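Visitor: Let me begin by handing over the structure; questions about it come next.
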Amino acid sequence: MTDLLLEPVVSWPRIMDAGRPYRVSVDLRVAGPLGDWPGEAEEYAFTCVLDGGGAFEVTAVSDASVVVHRFGGSYGPAEFTVVPSPAAAGLWLTIVSPRGLVSRVIELPVAIGGADVGIRYAAPDRSWAEWVATMLESFGYRVAMREEGPAPETPRTVVLLSRHHQPERTEKDDILLAVDTAHVRRPSAIDVTGMTEKQAAEALLGRLGHTAGPGELLLPDTAARYPGNLPVAWNMPLRNAAFTGRDEVLARLREELDRESVVGLLGMGGVGKTQVAIEYAYRHRGDYDVVWWVPAERPESVSASLEELTERLHGGDAADVLRGWAPYRRWLVIYDGADDPAPLDLVGGSRHVIVTSRDTAWGREHHTLTLDVFTPGESVGYLRTNFLRIPEGEASELAYELGDLPLALEAAGGWIAQTAVPVENFLEHLRTRTAEALDLIVPPDYPTTVAKAWDLSLALLRERSPAAMRLLRLTAFFAPAPIPMSFFDSADPAAVAEIERLSLAKVDRENETIQVHRLVQAVVRSQEADDLRHEVDAILLRARDDGDDLESPDAWPRYELFRRHLPNFHDDWAMRELLLERVEYLHARGRNDDALRYGEAWLAHEEPEDVQRLRLTDDLITVRRALGRYGELDERRSVLDRLRDSAGGTHVCTLTAAGGLIADQRARGRYDELVEQSSQLHQQWAETFGENHPRTLTAAEQYAANLRLMGVYAAARDVDARTLERRRKLLGPGHPHTLRSMVQLCDDRRDLGEACADTLLPVFHDYMERLGATHPGTLMAAVSLSASLRAEDRAAEALERIWRFHHTGLNAVAEHAACLHATGQAEAAVGQARILLQELTNWLGIHPVVTVARHNLAVYLKATGAREAASHAAQAADALAHYFGRPHPWTRTTKVLQLPLFA
C-alpha cells in the first residue's frame with residue numbers, strides 16, 4: 001500500500017490540575033482525494049501512541065488504534081485517560097502506520113492550572129461550551145469549563161445564556177453569549193443564534209481583545225462542531241416541551257456514546273426511553289452533521305426511513321451511506337422501539353447510534369443504559385411544573401399511585417388539567433379501578449392509552465413462554481415491591497429471564513428478587529380471569545414457616561422483603577396471624593408510626609370481635625404508649641378483661657396484656673403497686689410457661705425495672721443478673737433482649753455505686769452496629785453509658801458521647817444537661833433544664849417525671865447561685881416523698897437524678 005495523507009483530529013484539555021484524570025481522544029481522517037485510496041483492503045488500522053515523558057500517567061481506554069476506511073472516515077477515535085503530575089508540560093502523540101512506520105508526531109501542550117478564560121453554562125448547552133472552549137484554545141487561550149454552579153476563578157468568563165441558564169448575577173467583565181434568544185434577551189449579550197461560525201468566533205474573540213480585522217480571521221478545524229450549523233439531514237419528532245429532569249441520564253448517555261459509539265436505552269414501556277433519545281438529539285444537534293430518526297418496530301419501517309435518508313443525502317446504497325458518506329463525519333442515528341437487532345446497521349465510530357428497546361438482550365452485544373421510573377421528587381416537580389397547580393401532597397399521592405412512571409404522569413396530568421376533574425376523584429378511580437382509569441388517559445404523541453402500553457410485550461411473552469406468563473400473572477397479585485425468588489419453588493430461570501428481557505419486571509440477581517411495576521400489575525390483573533390472591537396467600541404462609549425470631553436483627557432483611565406483600569386486612573385466621581406479627585415486628589424495631597398505621601387499617605374494617613382483634617387492640621395500646629400518647633391508654637383494662645373471658649386468664653395474650661397494663665401505670669406515674677403487680681405477673685408466667693420462656697424473661701425484666709424505680713437496687717440487680725444469664729444461653733450475646741438485660745444490670749450496679757462504664761461501652765457499640773443510631777434501645781444504651789461515665793468522674797467523656805444524641809429523646813436531653821453541669825457549664829445546664837421542665841409539664845402535667853426534672857433544675861440553679869433554686873428544691877422534695885415514699889434514696893439526695901421515663 002502507498003502511504004495515506006492523514007489529518008489527526010485530537011481533543012484534549014489544554015489546562016489540567018495535577019492528580020486529576022482527563023480524557024484525550026484521537027481520531028483520523030483522510031486529507032487527500034478519496035480516489036487515491038491505497039491497496040486492496042477496505043480499511044487500515046493505525047496505532048496511536050501517547051507519551052507523557054514520565055510526567056503523565058497514561059492509560060488507553062480501549063484498543064489504542066484508529067481504523068480508517070475507504071470512505072474517508074474512521075470507526076471511532078482512540079481514547080486515553082491521562083493523569084498529570086505537577087511537573088507536566090505536554091504530551092507527545094505518535095501515529096504508527098499498519099506497516100509499523102511512524103506516520104506523524106504531534107506535540108500536545110498542556111498547562112497545569114492558571115486558566116485565562118472560564119466558561120459557565122448549563123448541561124443542555126454543553127455543545128456550545130465545547131465549541132467555545134476548543135475555539136479559544138486554538139487561539140492560545142487556556143480555558144476552564146464549569147457546568148452550573150459558580151464561575152471558575154479566571155480573569156474573564158464566558159457565560160452562556162439560554163432557557164436552561166439565566167443567572168441572576170453576572171460580573172461586569174463577563175462575556176455573555178446568548179445561544180437561545182427565544183428565551184433570553186440581554187442587550188449586552190452576543191447573539192450567536194443567527195451567526196455563522198466565523199461571525200460568532202470574531203465576535204467572541206473581539207470581546208477578548210483579539211486584533212484580527214473583519215474578514216481576516218482564519219478558523220482552525222477544531223474537534224468541536226459549531227452548534228449554530230444545523231444538521232444537513234434532520235427528521236426528529238417534535239421536542240417534548242414538558243420534558244424535565246433526566247440530566248444525569250443524558251450526561252451518562254453522552255459519555256457512553258463518546259466511548260462506545262453504539263448505546264442501547266433500555267427500560268419498561270412508558271419509562272421515557274423515546275423522550276430521552278429525542279431530548280438528547282435536540283440538546284446535541286449542533287454536534288452532528290446528520291441526525292436521523294428511524295422507527296424500528298418493524299423491518300419495513302427501518303428500510304423506508306434509511307431510503308429516505310439516502311435520498312436526502314443524494315446517495316446510492318443505504319448501507320454505504322451509513323458506513324461513511326465522506327462529506328459528513330459526525331452522525332447520530334436513533335433506532336426507536338427496536339426489539340430485534342438483526343435488521344439494524346449499527347456502524348459506530350464517529351457515527352453515534354442510540355437504540356431504544358424493551359428487550360434487554362441488547363446488553364449481550366452492546367453497551368446499554370437502563371432507565372428507571374422518576375424519583376418521587378422528580379414526579380412531583382414534573383406534575384406541578386407542567387400540568388397541575390395542586391398542593392405538593394396531592395401531587396405526591398398521584399405520583400405514588402402511578403408508580404412514578406413518566407408516561408402515566410404525563411397522561412394523567414394532561415387529562416386532569418383538560419377535564420378539570422378533581423385530583424381526589426381521579427385518585428379514587430385509580431385506586432379502585434386501576435386498569436379502567438389507565439384506559440381513559442392518552443399521552444400526547446402516543447398511539448394508545450396507558451393501559452395498552454404493554455400489550456405488545458405481553459403478547460410476545462404469551463407467545464414465547466407460557467411458563468413466564470404464568471409467573472408474571474402470579475407476581476401481579478403481590479405488592480409492587482421486590483419479591484424474593486425463593487417464594488416461587490418451581491420458577492424456571494428461563495421464564496424469569498424472558499420476563500426481564502421484555503422489561504416487564506426488574507430482576508435483581510444479587511438479592512434474588514423480581515419486581516413488577518404497579519401499573520403493569522394492574523393491567524395483567526385486568527386481563528386475568530382468575531383471582532390468584534389465594535395462591536399468593538399460600539406462598540406467604542409457606543414463606544413465614546421458617547422459625548425466624550423477628551426481634552433479632554439477623555432476620556430483619558428477609559422479613560422486610562416479606563412484609564411488604566402482606567395485605568392491610570384479611571379474614572383468614574392464619575393470614576391474620578401474619579398481620580399481627582407485622583405490627584409486633586414494627587414496634588420491636590421502633591417504627592411505631594408504621595405499626596399504628598397498619599393496625600388501624602385493620603381495625604377500620606367492621607367485623608365481630610375475636611381474640612385476634614383484641615390482641616391487635618392491645619398491641620396498638622402498647623404502640624401508643626411508645627409514642628408518648630399516654631392519654632390513649634384507658635382501654636387496656638377493658639381489653640384485658642375481655643381477653644380473660646375469651647382466651648382464659650393464663651393465655652399468652654392475656655398475660656401480655658396484663659404486663660402492658662403495668663407498663664401503662666408506670667408511664668402515667670401511678671407507682672403505688674408496681675413492684676407487687678409485676679412480681680405476681682412474673683410468677684404467673686414462670687408457673688405457666690417456665691422460667692426460660694422468652695415472655696417470662698420479659699416479665700422478669702419488667703419486675704427488676706420496677707424494683708429499681710422504687711429504690712430496691714440490690715434485688716433488682718439479682719433479678720437482672722439471672723435474666724441476663726438465661727438470655728445469653730437462650731438467645732445469644734448479641735440479641736437485642738440480651739443487650740437490654742446488660743444495660744439494665746449496669747443501671748442497677750451504677751445505682752449501687754459500682755463502676756460499669758467499661759462494661760457498657762461494648763454493649764453500646766453492639767447496639768449501634770446491629771440496630772442503628774435511631775433505635776430506642778441504642779438511645780437507652782447511650783444514656784446509660786453517659787450516666788455511668790459521669791458517676792465515675794469521666795464527665796468530659798460522657799458529654800462527648802451523649803452530644804450526638806441530645807436531640808433524639810427527652811431522656812437524652814436530661815442526660816445532656818447533667819453532663820453540662822458535671823463539666824462546669826451550669827448556666828447551659830440551667831437553660832436546657834428549664835426547656836425540658838416546660839416540655840414535660842406540657843406533656844405529662846402533674847407527674848413523677850416532672851418532679852425529677854424540677855429536682856435536677858434545682859441542682860443546676862444552686863450551682864449558679866440563683867435564689868430560685870431553694871423553691872424548686874422544696875417543691876421537688878415534697879413531691880418525691882409523695883410519689884416514692886420517705887425511705888426511697890431519691891428523697892434524701894441533692895445529686896442529679898436520671899429521668900425515669902419509660903415506654
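Just remember, in the C-alpha cells the first chain shown is A, the second B, etc., residues are 1-based per chain, and ligands are 1-based in the order shown.
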Determine, counting only C-alpha atoms, which protein, DNA and RNA residues have an atom within 9 Å of an atom of Lys452 of chain A; residues of the same chain fewer than 5 positions away are not included. Present the result as a short mmCIF file (atom, residue, chain, number, x, y, z; two decimals) with C-alpha atoms, in the first residue's frame.
Guide:
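Final file, result.cif:
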data_model
loop_
_atom_site.label_atom_id
_atom_site.label_comp_id
_atom_site.auth_asym_id
_atom_site.auth_seq_id
_atom_site.Cartn_x
_atom_site.Cartn_y
_atom_site.Cartn_z
CA LEU A 438 -55.49 3.91 32.74
CA ASP A 439 -57.71 3.24 29.72
CA VAL A 523 -53.09 -4.33 33.51
#
Visitor: Skip segment 208-210 of chain A itself and residues of its chain fewer than 4 positions away, then list as a PDB file with all heavy atoms, in the first residue's frame all residues within 12 Å of it, counting only C-alpha atoms.
Guide:
ATOM      1  N   ASP A 116      -6.999  31.205  31.509  1.00  0.00           N
ATOM      2  CA  ASP A 116      -7.220  32.603  31.114  1.00  0.00           C
ATOM      3  C   ASP A 116      -8.705  32.946  31.069  1.00  0.00           C
ATOM      4  O   ASP A 116      -9.117  34.055  31.418  1.00  0.00           O
ATOM      5  CB  ASP A 116      -6.627  32.879  29.725  1.00  0.00           C
ATOM      6  CG  ASP A 116      -5.156  32.510  29.657  1.00  0.00           C
ATOM      7  OD1 ASP A 116      -4.413  32.938  30.564  1.00  0.00           O
ATOM      8  OD2 ASP A 116      -4.759  31.796  28.716  1.00  0.00           O
ATOM      9  N   VAL A 117      -9.508  31.987  30.604  1.00  0.00           N
ATOM     10  CA  VAL A 117     -10.931  32.228  30.395  1.00  0.00           C
ATOM     11  C   VAL A 117     -11.729  31.068  30.987  1.00  0.00           C
ATOM     12  O   VAL A 117     -11.382  29.905  30.786  1.00  0.00           O
ATOM     13  CB  VAL A 117     -11.269  32.347  28.885  1.00  0.00           C
ATOM     14  CG1 VAL A 117     -12.765  32.617  28.693  1.00  0.00           C
ATOM     15  CG2 VAL A 117     -10.437  33.445  28.228  1.00  0.00           C
ATOM     16  N   LEU A 136     -11.390  28.889  21.553  1.00  0.00           N
ATOM     17  CA  LEU A 136     -10.461  29.747  22.295  1.00  0.00           C
ATOM     18  C   LEU A 136      -9.105  29.074  22.467  1.00  0.00           C
ATOM     19  O   LEU A 136      -8.055  29.726  22.373  1.00  0.00           O
ATOM     20  CB  LEU A 136     -11.062  30.098  23.662  1.00  0.00           C
ATOM     21  CG  LEU A 136     -12.323  30.968  23.633  1.00  0.00           C
ATOM     22  CD1 LEU A 136     -12.825  31.218  25.048  1.00  0.00           C
ATOM     23  CD2 LEU A 136     -12.048  32.308  22.940  1.00  0.00           C
ATOM     24  N   PHE A 139      -6.750  29.454  19.663  1.00  0.00           N
ATOM     25  CA  PHE A 139      -6.122  30.776  19.559  1.00  0.00           C
ATOM     26  C   PHE A 139      -5.233  31.075  20.758  1.00  0.00           C
ATOM     27  O   PHE A 139      -4.882  32.239  21.004  1.00  0.00           O
ATOM     28  CB  PHE A 139      -7.193  31.860  19.416  1.00  0.00           C
ATOM     29  CG  PHE A 139      -7.756  31.948  18.020  1.00  0.00           C
ATOM     30  CD1 PHE A 139      -8.861  31.207  17.658  1.00  0.00           C
ATOM     31  CD2 PHE A 139      -7.155  32.755  17.052  1.00  0.00           C
ATOM     32  CE1 PHE A 139      -9.370  31.260  16.373  1.00  0.00           C
ATOM     33  CE2 PHE A 139      -7.654  32.812  15.768  1.00  0.00           C
ATOM     34  CZ  PHE A 139      -8.770  32.058  15.415  1.00  0.00           C
ATOM     35  N   GLY A 140      -4.877  30.025  21.517  1.00  0.00           N
ATOM     36  CA  GLY A 140      -3.876  30.184  22.556  1.00  0.00           C
ATOM     37  C   GLY A 140      -4.410  30.471  23.942  1.00  0.00           C
ATOM     38  O   GLY A 140      -3.622  30.628  24.880  1.00  0.00           O
ATOM     39  N   TYR A 141      -5.709  30.552  24.105  1.00  0.00           N
ATOM     40  CA  TYR A 141      -6.262  30.807  25.440  1.00  0.00           C
ATOM     41  C   TYR A 141      -6.322  29.496  26.227  1.00  0.00           C
ATOM     42  O   TYR A 141      -6.605  28.427  25.667  1.00  0.00           O
ATOM     43  CB  TYR A 141      -7.674  31.392  25.341  1.00  0.00           C
ATOM     44  CG  TYR A 141      -7.711  32.781  24.754  1.00  0.00           C
ATOM     45  CD1 TYR A 141      -7.958  32.965  23.393  1.00  0.00           C
ATOM     46  CD2 TYR A 141      -7.507  33.899  25.552  1.00  0.00           C
ATOM     47  CE1 TYR A 141      -7.993  34.234  22.834  1.00  0.00           C
ATOM     48  CE2 TYR A 141      -7.551  35.180  25.005  1.00  0.00           C
ATOM     49  CZ  TYR A 141      -7.791  35.334  23.647  1.00  0.00           C
ATOM     50  OH  TYR A 141      -7.835  36.596  23.108  1.00  0.00           O
ATOM     51  N   PRO A 155      -9.511  35.369  34.907  1.00  0.00           N
ATOM     52  CA  PRO A 155      -9.623  36.807  34.629  1.00  0.00           C
ATOM     53  C   PRO A 155     -10.902  37.175  33.874  1.00  0.00           C
ATOM     54  O   PRO A 155     -11.498  38.219  34.120  1.00  0.00           O
ATOM     55  CB  PRO A 155      -8.373  37.104  33.786  1.00  0.00           C
ATOM     56  CG  PRO A 155      -7.405  36.032  34.170  1.00  0.00           C
ATOM     57  CD  PRO A 155      -8.229  34.818  34.450  1.00  0.00           C
ATOM     58  N   ARG A 156     -11.308  36.352  32.918  1.00  0.00           N
ATOM     59  CA  ARG A 156     -12.532  36.615  32.159  1.00  0.00           C
ATOM     60  C   ARG A 156     -13.380  35.344  32.144  1.00  0.00           C
ATOM     61  O   ARG A 156     -12.854  34.233  32.184  1.00  0.00           O
ATOM     62  CB  ARG A 156     -12.205  37.020  30.708  1.00  0.00           C
ATOM     63  CG  ARG A 156     -11.347  38.267  30.570  1.00  0.00           C
ATOM     64  CD  ARG A 156     -12.095  39.525  31.030  1.00  0.00           C
ATOM     65  NE  ARG A 156     -13.306  39.807  30.280  1.00  0.00           N
ATOM     66  CZ  ARG A 156     -13.335  40.484  29.124  1.00  0.00           C
ATOM     67  NH1 ARG A 156     -12.198  40.915  28.581  1.00  0.00           N
ATOM     68  NH2 ARG A 156     -14.477  40.727  28.521  1.00  0.00           N
ATOM     69  N   THR A 157     -14.682  35.529  32.041  1.00  0.00           N
ATOM     70  CA  THR A 157     -15.609  34.394  31.999  1.00  0.00           C
ATOM     71  C   THR A 157     -16.611  34.580  30.875  1.00  0.00           C
ATOM     72  O   THR A 157     -17.176  35.672  30.712  1.00  0.00           O
ATOM     73  CB  THR A 157     -16.369  34.249  33.338  1.00  0.00           C
ATOM     74  OG1 THR A 157     -15.431  34.049  34.394  1.00  0.00           O
ATOM     75  CG2 THR A 157     -17.324  33.057  33.298  1.00  0.00           C
ATOM     76  N   VAL A 158     -16.810  33.512  30.110  1.00  0.00           N
ATOM     77  CA  VAL A 158     -17.861  33.493  29.101  1.00  0.00           C
ATOM     78  C   VAL A 158     -19.066  32.802  29.717  1.00  0.00           C
ATOM     79  O   VAL A 158     -18.967  31.656  30.175  1.00  0.00           O
ATOM     80  CB  VAL A 158     -17.410  32.745  27.828  1.00  0.00           C
ATOM     81  CG1 VAL A 158     -18.549  32.676  26.817  1.00  0.00           C
ATOM     82  CG2 VAL A 158     -16.191  33.422  27.221  1.00  0.00           C
ATOM     83  N   ASP A 173     -17.175  42.238  33.812  1.00  0.00           N
ATOM     84  CA  ASP A 173     -16.289  41.839  32.711  1.00  0.00           C
ATOM     85  C   ASP A 173     -16.692  40.537  32.045  1.00  0.00           C
ATOM     86  O   ASP A 173     -16.000  40.061  31.146  1.00  0.00           O
ATOM     87  CB  ASP A 173     -14.843  41.714  33.231  1.00  0.00           C
ATOM     88  CG  ASP A 173     -14.250  43.070  33.604  1.00  0.00           C
ATOM     89  OD1 ASP A 173     -14.721  44.079  33.054  1.00  0.00           O
ATOM     90  OD2 ASP A 173     -13.344  43.098  34.448  1.00  0.00           O
ATOM     91  N   ASP A 174     -17.795  39.924  32.499  1.00  0.00           N
ATOM     92  CA  ASP A 174     -18.230  38.678  31.877  1.00  0.00           C
ATOM     93  C   ASP A 174     -18.657  38.916  30.425  1.00  0.00           C
ATOM     94  O   ASP A 174     -19.252  39.945  30.093  1.00  0.00           O
ATOM     95  CB  ASP A 174     -19.407  38.071  32.648  1.00  0.00           C
ATOM     96  CG  ASP A 174     -18.968  37.437  33.965  1.00  0.00           C
ATOM     97  OD1 ASP A 174     -17.755  37.323  34.181  1.00  0.00           O
ATOM     98  OD2 ASP A 174     -19.849  37.071  34.768  1.00  0.00           O
ATOM     99  N   ILE A 175     -18.374  37.932  29.581  1.00  0.00           N
ATOM    100  CA  ILE A 175     -18.818  37.965  28.182  1.00  0.00           C
ATOM    101  C   ILE A 175     -20.064  37.093  28.086  1.00  0.00           C
ATOM    102  O   ILE A 175     -20.000  35.883  28.307  1.00  0.00           O
ATOM    103  CB  ILE A 175     -17.723  37.443  27.242  1.00  0.00           C
ATOM    104  CG1 ILE A 175     -16.455  38.287  27.390  1.00  0.00           C
ATOM    105  CG2 ILE A 175     -18.202  37.434  25.805  1.00  0.00           C
ATOM    106  CD1 ILE A 175     -15.245  37.690  26.710  1.00  0.00           C
ATOM    107  N   LEU A 176     -21.198  37.704  27.795  1.00  0.00           N
ATOM    108  CA  LEU A 176     -22.454  36.972  27.727  1.00  0.00           C
ATOM    109  C   LEU A 176     -22.688  36.512  26.296  1.00  0.00           C
ATOM    110  O   LEU A 176     -22.663  37.312  25.362  1.00  0.00           O
ATOM    111  CB  LEU A 176     -23.608  37.857  28.202  1.00  0.00           C
ATOM    112  CG  LEU A 176     -23.435  38.525  29.571  1.00  0.00           C
ATOM    113  CD1 LEU A 176     -24.674  39.312  29.943  1.00  0.00           C
ATOM    114  CD2 LEU A 176     -23.113  37.492  30.644  1.00  0.00           C
ATOM    115  N   ALA A 201     -17.152  33.481  16.072  1.00  0.00           N
ATOM    116  CA  ALA A 201     -15.779  33.475  16.574  1.00  0.00           C
ATOM    117  C   ALA A 201     -15.203  34.885  16.604  1.00  0.00           C
ATOM    118  O   ALA A 201     -14.530  35.271  17.575  1.00  0.00           O
ATOM    119  CB  ALA A 201     -14.921  32.561  15.706  1.00  0.00           C
ATOM    120  N   GLU A 202     -15.443  35.687  15.556  1.00  0.00           N
ATOM    121  CA  GLU A 202     -14.940  37.062  15.524  1.00  0.00           C
ATOM    122  C   GLU A 202     -15.533  37.886  16.660  1.00  0.00           C
ATOM    123  O   GLU A 202     -14.822  38.663  17.321  1.00  0.00           O
ATOM    124  CB  GLU A 202     -15.273  37.705  14.176  1.00  0.00           C
ATOM    125  CG  GLU A 202     -14.416  37.200  13.018  1.00  0.00           C
ATOM    126  CD  GLU A 202     -14.846  37.798  11.690  1.00  0.00           C
ATOM    127  OE1 GLU A 202     -15.980  38.338  11.623  1.00  0.00           O
ATOM    128  OE2 GLU A 202     -14.061  37.726  10.727  1.00  0.00           O
ATOM    129  N   ALA A 203     -16.854  37.710  16.904  1.00  0.00           N
ATOM    130  CA  ALA A 203     -17.497  38.480  17.974  1.00  0.00           C
ATOM    131  C   ALA A 203     -16.936  38.096  19.333  1.00  0.00           C
ATOM    132  O   ALA A 203     -16.647  38.957  20.173  1.00  0.00           O
ATOM    133  CB  ALA A 203     -19.001  38.253  17.929  1.00  0.00           C
ATOM    134  N   LEU A 204     -16.763  36.799  19.559  1.00  0.00           N
ATOM    135  CA  LEU A 204     -16.256  36.323  20.839  1.00  0.00           C
ATOM    136  C   LEU A 204     -14.814  36.766  21.047  1.00  0.00           C
ATOM    137  O   LEU A 204     -14.458  37.312  22.105  1.00  0.00           O
ATOM    138  CB  LEU A 204     -16.359  34.798  20.885  1.00  0.00           C
ATOM    139  CG  LEU A 204     -15.757  34.102  22.102  1.00  0.00           C
ATOM    140  CD1 LEU A 204     -16.425  34.565  23.377  1.00  0.00           C
ATOM    141  CD2 LEU A 204     -15.896  32.567  21.956  1.00  0.00           C
ATOM    142  N   PRO A 214     -11.910  42.589  10.428  1.00  0.00           N
ATOM    143  CA  PRO A 214     -13.057  41.904   9.824  1.00  0.00           C
ATOM    144  C   PRO A 214     -12.638  41.115   8.586  1.00  0.00           C
ATOM    145  O   PRO A 214     -11.936  41.625   7.713  1.00  0.00           O
ATOM    146  CB  PRO A 214     -14.006  43.052   9.468  1.00  0.00           C
ATOM    147  CG  PRO A 214     -13.593  44.182  10.360  1.00  0.00           C
ATOM    148  CD  PRO A 214     -12.118  44.043  10.549  1.00  0.00           C
ATOM    149  N   GLU A 216     -10.498  38.830   8.360  1.00  0.00           N
ATOM    150  CA  GLU A 216      -9.120  38.340   8.356  1.00  0.00           C
ATOM    151  C   GLU A 216      -8.930  37.092   9.218  1.00  0.00           C
ATOM    152  O   GLU A 216      -7.888  36.468   9.187  1.00  0.00           O
ATOM    153  CB  GLU A 216      -8.187  39.434   8.873  1.00  0.00           C
ATOM    154  CG  GLU A 216      -8.156  40.668   7.985  1.00  0.00           C
ATOM    155  CD  GLU A 216      -7.246  41.750   8.551  1.00  0.00           C
ATOM    156  OE1 GLU A 216      -6.622  41.486   9.614  1.00  0.00           O
ATOM    157  OE2 GLU A 216      -7.151  42.822   7.958  1.00  0.00           O
ATOM    158  N   LEU A 217      -9.943  36.750  10.008  1.00  0.00           N
ATOM    159  CA  LEU A 217      -9.798  35.636  10.940  1.00  0.00           C
ATOM    160  C   LEU A 217      -9.794  34.304  10.190  1.00  0.00           C
ATOM    161  O   LEU A 217     -10.674  34.037   9.390  1.00  0.00           O
ATOM    162  CB  LEU A 217     -10.957  35.650  11.952  1.00  0.00           C
ATOM    163  CG  LEU A 217     -10.837  34.667  13.106  1.00  0.00           C
ATOM    164  CD1 LEU A 217      -9.710  35.076  14.039  1.00  0.00           C
ATOM    165  CD2 LEU A 217     -12.160  34.615  13.867  1.00  0.00           C
TER     166      LEU A 217
END
Visitor: Can you pull out the residues contacting Thr432 of chain A? Cut-off 12 Å, using only C-alpha atoms, and skip same-chain residues under 6 positions away; I want them as a PDB file with all heavy atoms, in the first residue's frame.
Guide:
ATOM      1  N   GLU A 401     -49.490   6.584  43.265  1.00  0.00           N
ATOM      2  CA  GLU A 401     -50.449   5.647  42.683  1.00  0.00           C
ATOM      3  C   GLU A 401     -50.098   5.302  41.239  1.00  0.00           C
ATOM      4  O   GLU A 401     -50.462   4.232  40.743  1.00  0.00           O
ATOM      5  CB  GLU A 401     -51.867   6.225  42.757  1.00  0.00           C
ATOM      6  CG  GLU A 401     -52.399   6.383  44.168  1.00  0.00           C
ATOM      7  CD  GLU A 401     -52.545   5.061  44.907  1.00  0.00           C
ATOM      8  OE1 GLU A 401     -52.639   4.013  44.233  1.00  0.00           O
ATOM      9  OE2 GLU A 401     -52.536   5.061  46.150  1.00  0.00           O
ATOM     10  N   ASN A 425     -60.888  12.763  42.996  1.00  0.00           N
ATOM     11  CA  ASN A 425     -61.807  11.879  42.271  1.00  0.00           C
ATOM     12  C   ASN A 425     -61.050  10.915  41.364  1.00  0.00           C
ATOM     13  O   ASN A 425     -61.365   9.722  41.283  1.00  0.00           O
ATOM     14  CB  ASN A 425     -62.791  12.700  41.438  1.00  0.00           C
ATOM     15  CG  ASN A 425     -63.769  13.479  42.297  1.00  0.00           C
ATOM     16  OD1 ASN A 425     -63.623  13.531  43.517  1.00  0.00           O
ATOM     17  ND2 ASN A 425     -64.764  14.087  41.679  1.00  0.00           N
ATOM     18  N   PHE A 426     -60.052  11.443  40.651  1.00  0.00           N
ATOM     19  CA  PHE A 426     -59.254  10.581  39.777  1.00  0.00           C
ATOM     20  C   PHE A 426     -58.488   9.548  40.605  1.00  0.00           C
ATOM     21  O   PHE A 426     -58.382   8.376  40.213  1.00  0.00           O
ATOM     22  CB  PHE A 426     -58.279  11.414  38.947  1.00  0.00           C
ATOM     23  CG  PHE A 426     -57.428  10.584  38.017  1.00  0.00           C
ATOM     24  CD1 PHE A 426     -57.950  10.088  36.832  1.00  0.00           C
ATOM     25  CD2 PHE A 426     -56.121  10.276  38.347  1.00  0.00           C
ATOM     26  CE1 PHE A 426     -57.184   9.306  35.987  1.00  0.00           C
ATOM     27  CE2 PHE A 426     -55.335   9.501  37.508  1.00  0.00           C
ATOM     28  CZ  PHE A 426     -55.874   9.013  36.320  1.00  0.00           C
ATOM     29  N   LEU A 438     -56.601   3.788  33.689  1.00  0.00           N
ATOM     30  CA  LEU A 438     -55.487   3.908  32.741  1.00  0.00           C
ATOM     31  C   LEU A 438     -55.983   3.900  31.304  1.00  0.00           C
ATOM     32  O   LEU A 438     -55.324   4.426  30.406  1.00  0.00           O
ATOM     33  CB  LEU A 438     -54.488   2.763  32.954  1.00  0.00           C
ATOM     34  CG  LEU A 438     -53.765   2.736  34.303  1.00  0.00           C
ATOM     35  CD1 LEU A 438     -52.847   1.530  34.383  1.00  0.00           C
ATOM     36  CD2 LEU A 438     -52.980   4.017  34.537  1.00  0.00           C
ATOM     37  N   ALA A 522     -51.526  -3.969  37.420  1.00  0.00           N
ATOM     38  CA  ALA A 522     -52.951  -3.675  37.256  1.00  0.00           C
ATOM     39  C   ALA A 522     -53.461  -4.148  35.897  1.00  0.00           C
ATOM     40  O   ALA A 522     -54.553  -4.725  35.794  1.00  0.00           O
ATOM     41  CB  ALA A 522     -53.203  -2.184  37.427  1.00  0.00           C
ATOM     42  N   SER A 526     -56.184  -7.135  35.204  1.00  0.00           N
ATOM     43  CA  SER A 526     -57.425  -6.856  34.480  1.00  0.00           C
ATOM     44  C   SER A 526     -57.661  -7.854  33.344  1.00  0.00           C
ATOM     45  O   SER A 526     -58.790  -8.054  32.923  1.00  0.00           O
ATOM     46  CB  SER A 526     -57.397  -5.436  33.917  1.00  0.00           C
ATOM     47  OG  SER A 526     -56.496  -5.333  32.819  1.00  0.00           O
TER      48      SER A 526
END
Visitor: Considering only C-alpha atoms, state which residue in the set A:Ser303, A:Ser74, A:Asp27, A:Arg283 is at the smallest distance from Trp128 of chain A.
Guide: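 So, comparing all the options, the nearest one is A:Arg283.
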Visitor: Can you pull out every residue within 6 Å of segment 186-194 of chain A, counting only C-alpha atoms, but drop anything in the same chain fewer than 3 positions away, and send it as a list in words?
Guide: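 Counting only the stated atoms, we get Leu176, Leu177, Ala178, Val179 and Ala200 of chain A.
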Visitor: Give me the residues near Ala476 of chain A as number ranges by chain, where near means some atom within 12 Å (using only C-alpha atoms) and where sequence neighbours in that chain fewer than 3 positions away do not count.
Guide: A: 469-473, 479-483, 504-505, 514-528, 530-533, 535-536, 565
Visitor: Could you pull the residues within 8 Å of Met236 of chain A, counting only C-alpha atoms, minus those fewer than 2 positions along the same chain, as an NGL selection string?
Guide: :A and (234 or 238 or 278 or 281 or 291-293)
Visitor: Include N, CA, C and O atoms and write out the residues we just selected as a tab-separated table (two decimals), in the first residue's frame.
Guide:
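Listed below is the output, result.tsv:
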chain	number	residue	atom	x	y	z
A	234	TRP	N	-32.11	16.06	8.99
A	234	TRP	CA	-32.75	16.11	10.32
A	234	TRP	C	-34.21	15.74	10.15
A	234	TRP	O	-34.93	16.33	9.36
A	238	LEU	N	-41.10	16.15	17.12
A	238	LEU	CA	-41.13	17.38	17.90
A	238	LEU	C	-40.62	17.13	19.31
A	238	LEU	O	-40.87	16.09	19.92
A	278	ILE	N	-35.01	11.67	22.15
A	278	ILE	CA	-35.37	12.91	21.44
A	278	ILE	C	-34.70	14.11	22.09
A	278	ILE	O	-34.13	14.98	21.41
A	281	ALA	N	-31.06	14.32	21.21
A	281	ALA	CA	-30.84	14.80	19.85
A	281	ALA	C	-30.98	16.31	19.77
A	281	ALA	O	-30.17	16.99	19.11
A	291	VAL	N	-28.54	13.98	11.73
A	291	VAL	CA	-29.31	13.42	12.85
A	291	VAL	C	-30.55	12.77	12.24
A	291	VAL	O	-31.37	13.45	11.62
A	292	TRP	N	-30.69	11.46	12.44
A	292	TRP	CA	-31.77	10.75	11.74
A	292	TRP	C	-32.51	9.82	12.68
A	292	TRP	O	-31.92	9.03	13.41
A	293	TRP	N	-33.83	9.93	12.64
A	293	TRP	CA	-34.74	9.15	13.48
A	293	TRP	C	-35.30	8.00	12.67
A	293	TRP	O	-35.87	8.20	11.61
